[in-house]
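Here's the structure, in structure tokens; my notes come after.
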Amino acid sequence: MAVRTLTELLEAAFPGDDVAVEDRTGGGDHFQVTVASKRFDGLSLVEQHRLVYDALAAPLADGTIHELRISTKGTG
Amino acid sequence: MKDQLQQIIEGEDVVLFMKGTPQFVMCGNSQRALDALRRAGAPVTVVDILPDPQIRQELSALSGWPTIPQVFVRGELVGGADIVEELEASGELERTLREKLGDDFGATEERVVAVA
């Protein structure tokens with residue numbers, strides 16, 4: 001269930017881009033998130049991850065996400 | 001506490017804010033960040049954020065980074081476990097350390113600093 005919520009939030013923040021969310025443990029609170037987006041082009045990794053954190057601010061704040069792994073890629 | 005955190009971030013060469021200490025790591029991601037820093041030979045100063053929930057709150061307010069661990073080099077946020085691992089694997093972490101700390105940066109003893 002949470003995978004779908006996270007996927008929707010990421011798709012809203014990165015429309016048309018490649019977004020993948022994996023429930024790493026099956027427990028619904030440890031996630032691997034992978035995003036490939038043009039928005040990352042020219043940004044540092046810190047800036048790229050900040051955009052992902054921004055998109056997932058709500059589930060990060062309310063405890064839905066206990067652990068988050070992020071992998072980001074630009075298109076360049 | 002905010003001033004103290006700021007002082008540590010700006011005053012130490014490499015700071016790792018983690019859950020637990022290098023002797024008792026309490027979180028897989030903190031372990032990943034610590035291991036990557038060790039592989040790069042970084043002189044790490046560790047702050048355990050677990051003793052007081054306020055540490056994490058103040059830290060995230062300062063850095064704008066929502067998760068733990070957090071790694072800083074010379075006052076600048078390098079990232080969390082994923083970024084530090086990625087930078088270490090590509091050799092960029094060592095390059096950054098060399099650039100910021102000089103060629104002779106050495107893995108001195110890991111230090112643990114308490115925040116109160």
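Each chain of the structure tokens is named A, B, ... in the order shown, its residues numbered from 1; ligands are numbered from 1 in display order.
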Inset, instruction - Compute the chain B side of the contact with chain A at 10 Å, counting only C-alpha atoms, and hand it back as a PyMOL selection string. - result: chain B and resi 27-29+64-68+77-84+86-87
Those residues with C-alpha atoms, as a compact mmCIF listing (two decimals), in the first residue's frame please?
# COMPACT_ATOMS: atom_id res chain seq x y z
CA CYS B 27 21.39 1.42 12.45
CA GLY B 28 22.34 -0.16 9.15
CA ASN B 29 22.60 3.12 7.30
CA GLY B 64 17.74 20.76 5.91
CA TRP B 65 18.39 17.02 5.64
CA PRO B 66 15.62 14.85 7.09
CA THR B 67 17.41 11.56 7.73
CA ILE B 68 20.32 10.10 9.70
CA LEU B 77 26.93 18.58 3.94
CA VAL B 78 28.20 15.73 1.78
CA GLY B 79 25.08 13.62 2.19
CA GLY B 80 23.62 10.52 3.80
CA ALA B 81 24.61 6.86 3.52
CA ASP B 82 23.60 6.45 -0.13
CA ILE B 83 25.57 9.46 -1.35
CA VAL B 84 28.64 8.74 0.77
CA GLU B 86 28.30 6.27 -4.06
CA LEU B 87 31.04 8.89 -3.76
Legend entry - Residues within 6 Å of B:Phe17, only C-alpha atoms, excluding chain neighbours under 5 positions, as a ChimeraX atom specification: /B:46-47,69-70
Inset, instruction - Can you check which residues of chain A DSSP gives as alpha helix (DSSP H) on the backbone and send them as a VMD selection string? - result: chain A and resid 2 to 13 45 to 55 57 to 61
Legend entry - Who sits within 12 Å of A:Leu9, only C-alpha atoms, same chain under 4 positions skipped, as a list in words: Ala2, Val3, Arg4, Thr5, Ala13, Phe14, Pro15, Val19, Ala20, Val21, Val33, Val35, Leu51, Val52, Tyr53, Asp54, Ala55, Leu56, Ala57, Ala58, Pro59 and Leu60 of chain A
Legend entry - Exercise: B:Met26 partners within 12 Å, only C-alpha atoms, chain neighbours under 5 positions left out, as a list in words: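 After dropping sequence-adjacent residues, the list is Met18, Lys19, Gly20, Thr21, Gln31, Arg32, Leu34, Asp48, Ile49, Leu50, Pro51, Ile68 and Pro69 of chain B.
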Could the residues in this selection be saved with C-alpha atoms as a compact mmCIF listing (two decimals), in the first residue's frame?
# COMPACT_ATOMS: atom_id res chain seq x y z
CA MET B 18 24.91 8.62 13.39
CA LYS B 19 22.69 6.37 15.46
CA GLY B 20 25.01 4.84 18.02
CA THR B 21 28.79 4.94 18.16
CA GLN B 31 27.08 1.51 9.53
CA ARG B 32 27.16 1.97 5.75
CA LEU B 34 30.88 4.76 8.68
CA ASP B 48 25.70 9.90 18.40
CA ILE B 49 22.26 11.44 17.94
CA LEU B 50 20.39 8.87 20.03
CA PRO B 51 20.96 10.15 23.59
CA ILE B 68 20.32 10.10 9.70
CA PRO B 69 23.22 9.56 9.05
Just want the 7 Å neighbourhood of A:Thr75, counted on only C-alpha atoms, with same-chain residues fewer than 4 positions away dropped. Output as a short mmCIF file (atom, residue, chain, number, x, y, z; two decimals) with N, CA and C atoms, in the first residue's frame.
data_model
loop_
_atom_site.label_atom_id
_atom_site.label_comp_id
_atom_site.auth_asym_id
_atom_site.auth_seq_id
_atom_site.Cartn_x
_atom_site.Cartn_y
_atom_site.Cartn_z
N ALA A 36 15.07 8.56 -12.18
CA ALA A 36 15.91 9.11 -13.25
C ALA A 36 15.15 10.27 -13.87
N SER A 37 15.72 11.46 -13.80
CA SER A 37 14.99 12.64 -14.24
C SER A 37 15.91 13.69 -14.84
N LYS A 38 15.39 14.39 -15.81
CA LYS A 38 16.09 15.52 -16.39
C LYS A 38 16.32 16.61 -15.35
N ASP A 41 19.77 16.89 -13.90
CA ASP A 41 20.93 17.28 -14.71
C ASP A 41 21.59 18.53 -14.14
#
Legend entry - Using only C-alpha atoms: which of B:Val115, B:Ala42, B:Ala33, B:Val25 has the shortest distance to B:Arg56: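 For B:Arg56, the nearest of the given residues is B:Val115.
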Legend entry - Test item: residues at most 12 Å from B:Gly102, only C-alpha atoms, excluding those fewer than 6 positions along its chain, as a PyMOL selection string: chain B and resi 13+42+74+94-96
Would you mind exporting N, CA and C atoms of the selected residues as an mmCIF file, in the first residue's frame?
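Saved result, out_25.cif, follows:
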data_model
loop_
_atom_site.group_PDB
_atom_site.id
_atom_site.type_symbol
_atom_site.label_atom_id
_atom_site.label_comp_id
_atom_site.auth_asym_id
_atom_site.auth_seq_id
_atom_site.Cartn_x
_atom_site.Cartn_y
_atom_site.Cartn_z
ATOM 1 N N ASP B 13 37.030 18.377 10.803
ATOM 2 C CA ASP B 13 37.282 18.109 9.390
ATOM 3 C C ASP B 13 36.164 17.274 8.772
ATOM 4 N N ALA B 42 39.006 8.508 5.976
ATOM 5 C CA ALA B 42 38.651 9.818 6.523
ATOM 6 C C ALA B 42 38.868 9.878 8.037
ATOM 7 N N ARG B 74 34.418 19.660 6.345
ATOM 8 C CA ARG B 74 34.719 21.090 6.492
ATOM 9 C C ARG B 74 33.458 21.955 6.427
ATOM 10 N N GLU B 94 37.328 10.369 -1.738
ATOM 11 C CA GLU B 94 38.737 10.554 -1.422
ATOM 12 C C GLU B 94 39.277 11.832 -2.080
ATOM 13 N N ARG B 95 38.816 12.075 -3.308
ATOM 14 C CA ARG B 95 39.233 13.315 -3.992
ATOM 15 C C ARG B 95 38.787 14.541 -3.214
ATOM 16 N N THR B 96 37.541 14.510 -2.754
ATOM 17 C CA THR B 96 37.015 15.644 -1.989
ATOM 18 C C THR B 96 37.820 15.847 -0.710
#
Legend entry - Selection near B:Leu5, 12 Å with only C-alpha atoms, sequence-local residues under 6 positions removed, as a ChimeraX atom specification: /B:11-12,15-17,46-49,54-63,72,75,113-116
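A straight line drawn from atom CA of B:Pro43 to atom CA of B:Glu85 is 16.2 Å long.
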